[in-house]
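Q: Got final_10.tsv for you, TSV, C-alpha atoms:
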```
chain	number	residue	atom	x	y	z
A	1315	MET	CA	5.86	-12.28	-8.23
A	1316	MET	CA	5.72	-9.56	-10.88
A	1317	HIS	CA	7.98	-6.55	-11.52
A	1318	THR	CA	7.56	-3.18	-13.13
A	1319	ALA	CA	9.80	-0.21	-13.84
A	1320	HIS	CA	6.88	2.20	-13.52
A	1321	THR	CA	4.74	3.55	-10.67
A	1322	PRO	CA	1.15	2.32	-11.11
A	1323	GLY	CA	-1.82	4.62	-11.49
A	1324	ARG	CA	-5.08	3.26	-12.86
A	1325	THR	CA	-2.83	1.13	-15.07
A	1326	VAL	CA	0.67	-0.29	-14.79
A	1327	LEU	CA	3.16	-1.25	-17.51
A	1328	MET	CA	4.62	-4.73	-17.07
A	1329	GLU	CA	6.77	-6.45	-19.66
A	1330	ASP	CA	5.32	-4.24	-22.41
A	1331	ARG	CA	1.77	-5.08	-21.26
A	1332	GLN	CA	-0.54	-2.29	-20.14
A	1333	CYS	CA	-2.53	-3.76	-17.23
A	1334	LEU	CA	-5.39	-2.36	-15.21
A	1335	PHE	CA	-4.20	-1.87	-11.63
A	1336	PHE	CA	-6.52	-2.68	-8.73
A	1337	SER	CA	-3.94	-2.96	-5.96
A	1338	GLY	CA	-1.76	-0.87	-3.66
A	1339	PHE	CA	-3.17	2.11	-1.81
A	1340	SER	CA	-3.07	5.84	-2.75
A	1341	TYR	CA	-6.85	5.65	-2.59
A	1342	LEU	CA	-7.37	9.21	-3.87
A	1343	GLY	CA	-4.93	8.70	-6.75
A	1344	LEU	CA	-3.07	11.93	-6.03
A	1345	HIS	CA	0.35	10.43	-6.75
A	1346	GLN	CA	-0.48	10.33	-10.48
A	1347	HIS	CA	-2.75	13.38	-10.65
A	1348	PRO	CA	-1.23	16.16	-12.80
A	1349	THR	CA	-2.44	18.96	-10.52
A	1350	PHE	CA	-1.03	17.32	-7.39
A	1351	LYS	CA	2.28	16.67	-9.13
A	1352	SER	CA	2.41	20.34	-10.09
A	1353	PHE	CA	1.95	21.28	-6.42
A	1354	MET	CA	4.82	18.96	-5.54
A	1355	LEU	CA	7.03	20.57	-8.18
A	1356	GLU	CA	6.11	24.01	-6.81
A	1357	GLY	CA	7.18	22.84	-3.39
A	1358	ILE	CA	10.52	21.55	-4.63
A	1359	GLU	CA	11.13	24.80	-6.49
A	1360	GLN	CA	10.38	26.84	-3.37
A	1361	TYR	CA	11.88	24.65	-0.64
A	1362	GLY	CA	14.30	22.30	-2.39
A	1363	THR	CA	14.34	18.58	-1.68
A	1364	LEU	CA	14.64	18.74	2.12
A	1365	PHE	CA	14.90	21.07	5.11
A	1366	PRO	CA	18.51	20.56	6.24
A	1367	SER	CA	18.02	21.08	9.94
A	1368	SER	CA	16.37	19.62	13.03
A	1369	ARG	CA	12.86	20.68	14.00
A	1370	VAL	CA	14.34	21.86	17.33
A	1371	SER	CA	17.09	23.96	15.75
A	1372	ASN	CA	17.23	27.72	16.32
A	1373	LEU	CA	16.06	28.16	12.69
A	1374	ARG	CA	12.53	26.90	12.06
A	1375	LEU	CA	10.45	26.40	8.90
A	1376	GLY	CA	6.95	27.78	9.46
A	1377	LEU	CA	5.49	25.41	6.87
A	1378	TYR	CA	5.60	22.56	9.38
A	1379	GLU	CA	3.55	24.45	11.95
A	1380	GLU	CA	1.08	25.33	9.18
A	1381	ILE	CA	0.45	21.70	8.18
A	1382	GLU	CA	0.34	20.61	11.82
A	1383	TYR	CA	-2.32	23.17	12.59
A	1384	ALA	CA	-4.36	22.07	9.56
A	1385	LEU	CA	-4.09	18.37	10.45
A	1386	ALA	CA	-5.02	19.00	14.09
A	1387	ALA	CA	-8.13	20.84	12.89
A	1388	GLN	CA	-9.04	18.03	10.49
A	1389	LEU	CA	-8.64	15.40	13.20
A	1390	GLU	CA	-10.47	17.57	15.75
A	1391	GLN	CA	-7.53	17.45	18.17
A	1392	GLN	CA	-5.77	20.20	20.11
A	1393	ALA	CA	-2.41	19.72	18.43
A	1394	ALA	CA	-0.49	17.64	15.90
A	1395	VAL	CA	3.07	16.86	14.87
A	1396	VAL	CA	4.32	15.58	11.51
A	1397	PHE	CA	7.09	13.10	10.76
A	1398	SER	CA	8.85	11.90	7.62
A	1399	SER	CA	6.82	8.67	7.44
A	1400	GLY	CA	3.74	6.99	8.82
A	1401	TYR	CA	5.88	4.27	10.37
A	1402	LEU	CA	7.99	6.83	12.23
A	1403	SER	CA	4.88	8.64	13.47
A	1404	GLY	CA	3.53	5.33	14.78
A	1405	GLN	CA	6.81	4.53	16.51
A	1406	ALA	CA	6.97	8.00	18.05
A	1407	ALA	CA	3.43	7.65	19.37
A	1408	ILE	CA	3.90	4.18	20.84
A	1409	HIS	CA	7.24	4.94	22.49
A	1410	TYR	CA	5.73	8.05	24.05
A	1411	ALA	CA	2.78	5.93	25.17
A	1412	THR	CA	5.07	3.68	27.22
A	1413	THR	CA	5.59	6.64	29.54
A	1414	CYS	CA	1.82	6.86	30.09
A	1415	GLY	CA	0.97	3.30	31.15
A	1416	GLU	CA	1.14	-0.39	30.32
A	1417	LEU	CA	0.29	-1.18	26.69
A	1418	LEU	CA	-2.81	-3.26	25.96
A	1419	TYR	CA	-2.62	-4.32	22.30
A	1420	ALA	CA	-5.58	-5.19	20.12
A	1421	PRO	CA	-5.35	-8.43	18.11
A	1422	GLY	CA	-3.49	-7.93	14.85
A	1423	ALA	CA	-2.16	-4.44	15.63
A	1424	HIS	CA	0.04	-3.11	12.82
A	1425	PRO	CA	3.85	-3.25	13.30
A	1426	ALA	CA	4.02	0.56	12.99
A	1427	ILE	CA	2.54	0.76	16.51
A	1428	TRP	CA	4.54	-2.09	18.03
A	1429	HIS	CA	6.89	-1.33	20.90
A	1430	HIS	CA	9.66	-3.85	20.22
A	1431	THR	CA	7.85	-7.12	19.34
A	1432	PRO	CA	4.77	-7.53	21.53
A	1433	ALA	CA	2.88	-10.75	22.11
A	1434	LEU	CA	-0.37	-9.79	20.42
A	1435	PRO	CA	-3.61	-11.30	21.77
A	1436	VAL	CA	-4.77	-14.44	20.01
A	1437	VAL	CA	-8.39	-14.16	21.17
A	1438	SER	CA	-11.18	-12.69	19.04
A	1439	ARG	CA	-11.68	-8.95	18.88
A	1440	VAL	CA	-14.88	-9.19	20.97
A	1441	GLU	CA	-13.15	-11.27	23.66
A	1442	TRP	CA	-10.24	-8.83	23.77
A	1443	GLU	CA	-12.61	-5.87	24.18
A	1444	GLN	CA	-14.36	-7.52	27.13
A	1445	GLN	CA	-11.05	-8.49	28.73
A	1446	THR	CA	-9.76	-4.95	28.28
A	1447	ILE	CA	-12.85	-3.37	29.83
A	1448	SER	CA	-12.51	-5.61	32.90
A	1449	GLN	CA	-8.76	-5.07	33.20
A	1450	VAL	CA	-8.95	-1.28	32.93
A	1451	ASN	CA	-11.92	-0.93	35.28
A	1452	ASN	CA	-10.23	-3.00	37.99
A	1453	HIS	CA	-7.16	-0.73	38.17
A	1454	PRO	CA	-6.50	2.93	39.02
A	1455	ASP	CA	-6.59	5.74	36.45
A	1456	ASN	CA	-3.81	5.85	33.84
A	1457	THR	CA	-2.54	2.36	34.49
A	1458	TYR	CA	-3.05	1.28	30.87
A	1459	VAL	CA	-2.75	2.47	27.28
A	1460	ILE	CA	-5.05	0.81	24.72
A	1461	VAL	CA	-3.43	0.33	21.29
A	1462	SER	CA	-5.36	-0.47	18.12
A	1463	ASP	CA	-5.71	0.08	14.40
A	1464	THR	CA	-8.98	1.65	13.28
A	1465	VAL	CA	-9.14	-0.21	9.95
A	1466	ASN	CA	-7.79	-3.58	8.86
A	1467	PRO	CA	-7.14	-3.10	5.11
A	1468	ILE	CA	-6.52	-6.81	4.54
A	1469	THR	CA	-9.88	-7.98	5.90
A	1470	GLY	CA	-11.73	-4.79	4.96
A	1471	THR	CA	-12.84	-4.21	8.56
A	1472	VAL	CA	-13.64	-0.86	10.18
A	1473	PHE	CA	-13.45	-1.37	13.94
A	1474	ASN	CA	-16.13	-0.04	16.28
A	1475	PHE	CA	-15.00	1.63	19.50
A	1476	ASP	CA	-18.33	2.19	21.24
A	1477	TRP	CA	-17.18	-0.28	23.90
A	1478	LEU	CA	-14.81	2.39	25.23
A	1479	GLN	CA	-17.87	4.03	26.81
A	1480	GLN	CA	-17.90	1.19	29.35
A	1481	LEU	CA	-14.52	2.21	30.81
A	1482	ARG	CA	-14.51	3.68	34.32
A	1483	SER	CA	-10.78	4.32	34.74
A	1484	LYS	CA	-8.85	6.87	32.71
A	1485	VAL	CA	-6.81	5.60	29.77
A	1486	LEU	CA	-4.86	6.84	26.78
A	1487	VAL	CA	-6.02	5.24	23.52
A	1488	ILE	CA	-3.56	5.04	20.62
A	1489	LEU	CA	-5.34	4.71	17.27
A	1490	ASP	CA	-3.53	4.05	13.99
A	1491	ASP	CA	-5.86	5.54	11.39
A	1492	SER	CA	-3.59	5.15	8.35
A	1493	HIS	CA	-6.36	3.58	6.25
A	1494	GLY	CA	-9.12	5.81	7.62
A	1495	ILE	CA	-7.77	9.35	7.40
A	1496	GLY	CA	-8.77	11.03	4.16
A	1497	ILE	CA	-11.33	8.32	3.42
A	1498	LEU	CA	-13.78	7.80	6.27
A	1499	GLY	CA	-16.11	10.37	7.74
A	1500	PRO	CA	-17.07	13.87	6.61
A	1501	GLN	CA	-14.29	15.63	4.67
A	1502	GLY	CA	-12.08	12.63	5.30
A	1503	LYS	CA	-11.76	13.34	9.01
A	1504	GLY	CA	-11.11	9.63	9.44
A	1505	SER	CA	-12.17	7.29	12.20
A	1506	ILE	CA	-11.87	9.92	14.92
A	1507	HIS	CA	-15.28	11.29	13.89
A	1508	GLN	CA	-17.01	8.14	15.13
A	1509	VAL	CA	-15.11	7.20	18.29
A	1510	PRO	CA	-16.89	8.05	21.56
A	1511	GLY	CA	-15.89	10.99	23.70
A	1512	THR	CA	-15.93	10.11	27.40
A	1513	ASP	CA	-14.45	11.56	30.60
A	1514	TYR	CA	-12.22	8.49	30.89
A	1515	VAL	CA	-10.62	8.36	27.44
A	1516	ARG	CA	-8.13	10.62	25.71
A	1517	TYR	CA	-6.90	9.82	22.21
A	1518	LEU	CA	-3.61	9.95	20.39
A	1519	VAL	CA	-4.19	9.39	16.66
A	1520	THR	CA	-1.33	8.37	14.38
A	1521	ALA	CA	-1.56	7.96	10.63
A	1522	SER	CA	0.41	7.63	7.45
A	1523	LEU	CA	-0.27	10.46	5.00
A	1524	ALA	CA	0.68	8.19	2.09
A	1525	LYS	CA	-2.34	5.88	1.98
A	1526	ALA	CA	-4.97	8.45	1.00
A	1527	TYR	CA	-2.95	11.59	0.35
A	1528	SER	CA	0.09	10.26	-1.56
A	1529	VAL	CA	2.37	12.22	0.77
A	1530	GLU	CA	5.52	10.69	2.23
A	1531	GLY	CA	4.90	11.60	5.84
A	1532	GLY	CA	3.01	10.81	9.00
A	1533	VAL	CA	1.08	12.63	11.71
A	1534	VAL	CA	0.33	12.20	15.39
A	1535	ALA	CA	-2.52	14.27	16.83
A	1536	GLY	CA	-3.97	14.54	20.31
A	1537	SER	CA	-4.04	16.74	23.39
A	1538	ALA	CA	-1.65	19.69	23.52
A	1539	ALA	CA	0.06	18.13	26.54
A	1540	ASP	CA	0.65	14.78	24.82
A	1541	ILE	CA	1.97	16.38	21.64
A	1542	ALA	CA	4.28	18.63	23.66
A	1543	GLY	CA	5.57	15.55	25.47
A	1544	LEU	CA	6.05	13.68	22.21
A	1545	LYS	CA	8.04	16.60	20.79
A	1546	ARG	CA	10.54	16.14	23.62
A	1547	THR	CA	11.34	12.59	22.52
A	1548	PRO	CA	14.27	11.64	20.22
A	1549	TYR	CA	11.75	10.53	17.58
A	1550	PHE	CA	11.05	14.22	17.02
A	1551	THR	CA	14.26	15.92	18.10
A	1552	GLY	CA	16.61	13.48	16.37
A	1553	SER	CA	14.80	12.72	13.11
A	1554	THR	CA	14.92	14.44	9.73
A	1555	PRO	CA	11.69	16.40	9.09
A	1556	MET	CA	9.28	15.44	6.33
A	1557	MET	CA	10.16	16.76	2.88
A	1558	PRO	CA	8.83	20.35	2.76
A	1559	ALA	CA	7.46	19.87	-0.77
A	1560	ASN	CA	5.14	17.17	0.59
A	1561	ALA	CA	3.73	19.56	3.18
A	1562	HIS	CA	3.36	22.29	0.55
A	1563	ALA	CA	1.56	19.99	-1.89
A	1564	TRP	CA	-0.90	18.77	0.77
A	1565	LEU	CA	-1.71	22.30	1.91
A	1566	GLN	CA	-2.29	23.48	-1.66
A	1567	ALA	CA	-4.49	20.50	-2.57
A	1568	THR	CA	-7.54	21.08	-0.36
A	1569	SER	CA	-9.99	21.49	-3.25
A	1570	LEU	CA	-8.38	18.69	-5.27
A	1571	ILE	CA	-8.57	16.33	-2.28
A	1572	GLN	CA	-12.28	17.05	-1.90
A	1573	GLN	CA	-12.78	16.40	-5.63
A	1574	GLN	CA	-10.93	13.09	-5.43
A	1575	GLN	CA	-12.81	12.04	-2.28
A	1576	HIS	CA	-16.06	12.61	-4.15
A	1577	GLN	CA	-14.79	10.61	-7.14
A	1578	LEU	CA	-13.63	7.75	-4.90
A	1579	LYS	CA	-17.04	7.49	-3.24
A	1580	LYS	CA	-18.65	7.47	-6.68
A	1581	ASN	CA	-16.26	4.70	-7.82
A	1582	ILE	CA	-16.96	2.64	-4.70
A	1583	GLN	CA	-20.69	2.91	-5.36
A	1584	THR	CA	-20.16	1.90	-8.99
A	1585	ALA	CA	-18.09	-1.13	-7.99
A	1586	THR	CA	-20.63	-2.10	-5.32
A	1587	HIS	CA	-23.36	-2.03	-7.97
A	1588	TYR	CA	-21.43	-4.05	-10.56
A	1589	LEU	CA	-20.18	-6.68	-8.12
A	1590	GLN	CA	-23.56	-7.54	-6.59
A	1591	ASP	CA	-23.60	-11.06	-8.02
A	1592	ILE	CA	-19.88	-11.73	-7.40
A	1593	PRO	CA	-18.97	-13.46	-4.11
A	1594	HIS	CA	-17.05	-10.94	-2.03
A	1595	ASP	CA	-16.72	-9.12	1.30
A	1596	HIS	CA	-16.83	-5.34	1.41
A	1597	HIS	CA	-17.36	-2.54	3.92
A	1598	PRO	CA	-19.49	0.18	2.27
A	1599	GLU	CA	-17.08	3.01	3.16
A	1600	LEU	CA	-13.90	1.27	2.07
A	1601	ALA	CA	-12.39	0.91	-1.40
A	1602	ILE	CA	-11.44	-2.72	-0.68
A	1603	PHE	CA	-13.27	-5.70	-2.20
A	1604	ILE	CA	-12.18	-9.15	-0.98
A	1605	PHE	CA	-12.78	-12.27	-3.10
A	1606	PRO	CA	-12.68	-15.97	-2.15
A	1607	GLN	CA	-10.29	-18.51	-3.63
A	1608	TYR	CA	-12.03	-21.80	-4.38
A	1609	ASP	CA	-9.95	-24.96	-4.06
A	1610	ASN	CA	-11.17	-26.39	-7.35
A	1611	ARG	CA	-10.19	-23.33	-9.40
A	1612	PRO	CA	-6.89	-21.76	-10.49
A	1613	SER	CA	-5.52	-18.78	-8.59
A	1614	LEU	CA	-7.81	-15.79	-9.05
A	1615	ALA	CA	-4.83	-13.41	-9.12
A	1616	THR	CA	-3.08	-15.44	-11.83
A	1617	TYR	CA	-6.28	-15.76	-13.84
A	1618	LEU	CA	-6.78	-11.99	-13.81
A	1619	ALA	CA	-3.11	-11.23	-14.48
A	1620	ASP	CA	-3.35	-13.34	-17.62
A	1621	LYS	CA	-6.16	-10.99	-18.62
A	1622	ASP	CA	-3.97	-7.89	-18.00
A	1623	LEU	CA	-5.65	-7.03	-14.70
A	1624	ILE	CA	-3.65	-6.83	-11.47
A	1625	ILE	CA	-5.23	-7.24	-8.03
A	1626	SER	CA	-3.63	-7.48	-4.58
A	1627	SER	CA	-2.78	-11.05	-3.59
A	1628	PHE	CA	-0.44	-12.27	-0.84
A	1629	PRO	CA	-0.53	-14.73	2.09
A	1630	TYR	CA	-2.13	-13.42	5.28
A	1631	PRO	CA	-1.66	-13.27	8.20
A	1632	LEU	CA	1.42	-15.53	7.99
A	1633	PRO	CA	3.61	-16.45	4.98
A	1634	HIS	CA	2.34	-20.05	4.94
A	1635	HIS	CA	-1.33	-19.03	4.92
A	1636	PRO	CA	-3.46	-18.86	1.75
A	1637	PRO	CA	-3.31	-15.57	-0.17
A	1638	VAL	CA	-5.98	-12.93	0.33
A	1639	HIS	CA	-7.32	-11.63	-3.00
A	1640	ARG	CA	-8.39	-7.98	-2.95
A	1641	ALA	CA	-9.42	-5.48	-5.62
A	1642	ILE	CA	-8.71	-1.95	-4.46
A	1643	ILE	CA	-10.59	0.87	-6.13
A	1644	SER	CA	-9.03	4.32	-6.43
A	1645	ALA	CA	-10.28	7.72	-7.51
A	1646	LEU	CA	-8.26	7.26	-10.73
A	1647	HIS	CA	-10.41	4.39	-11.98
A	1648	GLN	CA	-13.00	4.95	-14.67
A	1649	GLN	CA	-16.34	3.18	-15.01
A	1650	LYS	CA	-15.03	1.16	-17.93
A	1651	ASP	CA	-12.21	-0.19	-15.71
A	1652	ILE	CA	-14.72	-1.42	-13.15
A	1653	GLU	CA	-16.81	-2.97	-15.94
A	1654	VAL	CA	-13.75	-4.93	-17.13
A	1655	LEU	CA	-13.04	-6.08	-13.57
A	1656	TYR	CA	-16.63	-7.27	-13.24
A	1657	GLN	CA	-16.61	-9.10	-16.58
A	1658	PHE	CA	-13.50	-11.14	-15.70
A	1659	LEU	CA	-14.68	-11.84	-12.17
A	1660	HIS	CA	-18.03	-12.98	-13.54
A	1661	SER	CA	-16.36	-15.35	-16.00
A	1662	TYR	CA	-14.19	-16.74	-13.19
A	1663	TYR	CA	-16.93	-17.35	-10.62
A	1664	HIS	CA	-19.86	-18.35	-12.85
```
Write out the structure in this file as structure tokens.
A:
Amino acid sequence: MMHTAHTPGRTVLMEDRQCLFFSGFSYLGLHQHPTFKSFMLEGIEQYGTLFPSSRVSNLRLGLYEEIEYALAAQLEQQAAVVFSSGYLSGQAAIHYATTCGELLYAPGAHPAIWHHTPALPVVSRVEWEQQTISQVNNHPDNTYVIVSDTVNPITGTVFNFDWLQQLRSKVLVILDDSHGIGILGPQGKGSIHQVPGTDYVRYLVTASLAKAYSVEGGVVAGSAADIAGLKRTPYFTGSTPMMPANAHAWLQATSLIQQQQHQLKKNIQTATHYLQDIPHDHHPELAIFIFPQYDNRPSLATYLADKDLIISSFPYPLPHHPPVHRAIISALHQQKDIEVLYQFLHSYYH
């Protein structure tokens, strides 16, 4: 375990050592971008550090409706609602979903969309999909709610939902797109751009705004009726709203976000080119590169840390399992950083 007194960007300062940082999230690097930080400071100057009232109070802040409208448009949904964190948005969505049907969880669903502590399926993803199709089709409309992440950031998997076209009974589908929004699809629309539209499926998309956008907040988007219902729950009426400066910064940063999305795609392409002869797993749209740990070699993470290069490394899926080694590219990285990563990986594996 390592510690720092500084927030990482493309580098991190640890024990007076300046290390390259290929871990964490903040894929677009906005949290350390001077322009984005200036937008945040503008927001604090205009709105202070919080809005000291409930969203259902008789005094409303129009900024929240503005960001909700913009996020609904981005996610191609009728309506949206924002919360102070991605975890809270996931909890709001899943607790609302319990009023819509019995929950059918995908294997490995993220805790943000757990209702209490569910018994997650232990079968393969393909087996679960086939079981779910059969279960839904053999029951009346709106008996079930399907719950799944869209991206697994640990395994670097983007899930395909074409199988939903085989459903013949109506369902609500909860999708946690925390690692897809801002990254996948045109203009960072996220995974919603590639899920099928059918007469039997309606979606409720929840996502953290921190992973790509560096904003402490979360969103749930879906039909106007579902969002109106969600806004009647205590998760909305009883929670503190997201920090107004976060909403302000995100709304001001449209052009900057597009610039950083372009840079991230360029960096992913650069890393893909350099790492061709390095053993790894990688989805072409994700900024996540996963490397094997060979039994006859020292820890890859320790080896790289000794070279002043930090990657993500922790046991998965359970604490007693071997660590998963991942290099995570951000829009802050420069070509020379990726070259250094390649050089040390090459010396380790060859």
Q: Could you check how far atom CA of A:Phe1350 sits from atom CA of A:His1596, in Å to one decimal?
A: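 According to the coordinates, atom CA of A:Phe1350 and atom CA of A:His1596 are separated by 29.0 Å.
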Q: Could you tell me which of A:Arg1482, A:Arg1324, A:His1493, A:His1660 comes closest to A:Leu1523 if we count only C-alpha atoms?
A: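 Using only C-alpha atoms, the shortest distance to A:Leu1523 belongs to A:His1493.
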Q: Please produce, as a Markdown table, a per-residue contact table for stretch 1400-1436 of chain A versus stretch 1542-1562 of chain A (criterion: any atom at most 12 Å away, only C-alpha atoms considered), showing the nearest atom pair and its distance in Å to one decimal, sorted by chain then residue number.
A:
```
| residue | atom | partner | partner_atom | distance |
| --- | --- | --- | --- | --- |
| A:Gly1400 | CA | A:Met1556 | CA | 10.4 |
| A:Tyr1401 | CA | A:Tyr1549 | CA | 11.2 |
| A:Leu1402 | CA | A:Tyr1549 | CA | 7.5 |
| A:Ser1403 | CA | A:Tyr1549 | CA | 8.2 |
| A:Gly1404 | CA | A:Tyr1549 | CA | 10.1 |
| A:Gln1405 | CA | A:Tyr1549 | CA | 7.8 |
| A:Ala1406 | CA | A:Tyr1549 | CA | 5.4 |
| A:Ala1407 | CA | A:Leu1544 | CA | 7.2 |
| A:Ile1408 | CA | A:Leu1544 | CA | 9.8 |
| A:His1409 | CA | A:Thr1547 | CA | 8.7 |
| A:Tyr1410 | CA | A:Leu1544 | CA | 5.9 |
| A:Ala1411 | CA | A:Leu1544 | CA | 8.9 |
| A:Thr1412 | CA | A:Leu1544 | CA | 11.2 |
| A:Thr1413 | CA | A:Gly1543 | CA | 9.8 |
| A:Cys1414 | CA | A:Gly1543 | CA | 10.5 |
```
Q: Around the point (-21.1, -0.8, 23.7) (coordinates from the file), which residues reach within 12 Å if we count all atoms listed in the file? Answer as a PyMOL selection string.
A: chain A and resi 1440+1443-1444+1447+1474-1481+1509-1510
Q: Create the file for the chosen residues now, containing C-alpha atoms and written as a short mmCIF file (atom, residue, chain, number, x, y, z; two decimals), in the coordinates of the input.
A:
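Final output, saved to result27.cif:
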```
data_model
loop_
_atom_site.label_atom_id
_atom_site.label_comp_id
_atom_site.auth_asym_id
_atom_site.auth_seq_id
_atom_site.Cartn_x
_atom_site.Cartn_y
_atom_site.Cartn_z
CA VAL A 1440 -14.88 -9.19 20.97
CA GLU A 1443 -12.61 -5.87 24.18
CA GLN A 1444 -14.36 -7.52 27.13
CA ILE A 1447 -12.85 -3.37 29.83
CA ASN A 1474 -16.13 -0.04 16.28
CA PHE A 1475 -15.00 1.63 19.50
CA ASP A 1476 -18.33 2.19 21.24
CA TRP A 1477 -17.18 -0.28 23.90
CA LEU A 1478 -14.81 2.39 25.23
CA GLN A 1479 -17.87 4.03 26.81
CA GLN A 1480 -17.90 1.19 29.35
CA LEU A 1481 -14.52 2.21 30.81
CA VAL A 1509 -15.11 7.20 18.29
CA PRO A 1510 -16.89 8.05 21.56
#
```
Q: List as a ChimeraX atom specification the protein and nucleic acid residues near stretch 1330-1346 of chain A, meaning an atom at most 9 Å away when all atoms listed in the file are counted, but skip any in the same chain fewer than 6 places from it.
A: /A:1321-1324,1493,1496-1497,1524-1529,1570-1571,1574-1575,1577-1578,1601,1619,1621-1627,1640-1647,1651,1654-1655
Q: Would you please work out which residue, of A:Gln1392, A:Gln1657, A:Asn1610, A:Gln1566, is nearest to A:Tyr1517 when using all atoms listed in the file?
A: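 Once distances to A:Tyr1517 are computed over all atoms listed in the file, the minimum belongs to A:Gln1392.
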Q: What is the atom CA of A:Arg1439-atom CA of A:Ala1420 distance in Å, reported with one decimal?
A: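 Result for atom CA of A:Arg1439 versus atom CA of A:Ala1420: 7.3 Å, one decimal.
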Q: Quick one: distance from atom CA of A:Thr1512 to atom CA of A:Val1436 in Å, one decimal?
A: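 Interatomic distance, atom CA of A:Thr1512 to atom CA of A:Val1436: 28.0 Å.
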Q: Mind listing as a PyMOL selection string all residues within 7 Å of (-14.2, 0.5, -10.0), counting only C-alpha atoms?
A: chain A and resi 1581-1582+1584-1585+1643+1647-1649+1651-1652
Q: Pick from A:Glu1653, A:Glu1379, A:Asp1490, A:Asp1455: nearest to A:Trp1428, with only C-alpha atoms counted?
A: A:Asp1490
Q: Please identify all polymer residues within 9 Å of A:Ile1506, counting only C-alpha atoms, omitting same-chain residues fewer than 4 positions from it, and present them as a count of residues only.
A: 11
Q: For a quick check of understanding, using all atoms listed in the file, which of A:Ser1399, A:His1587, A:Pro1593, A:Ile1602 has the smallest distance to A:Val1465?
A: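 Of the candidates, the smallest distance to A:Val1465 is held by A:Ile1602.
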Q: Quick one: of A:Ile1468, A:Glu1416, A:Asp1463, A:Asp1609, who's nearest to A:Gln1449, counting all atoms listed in the file?
A: A:Glu1416
Q: Counting all atoms listed in the file, which residue out of A:Phe1397, A:Tyr1663, A:Tyr1361, A:Phe1658 sits closest to A:Glu1382?
A: A:Phe1397
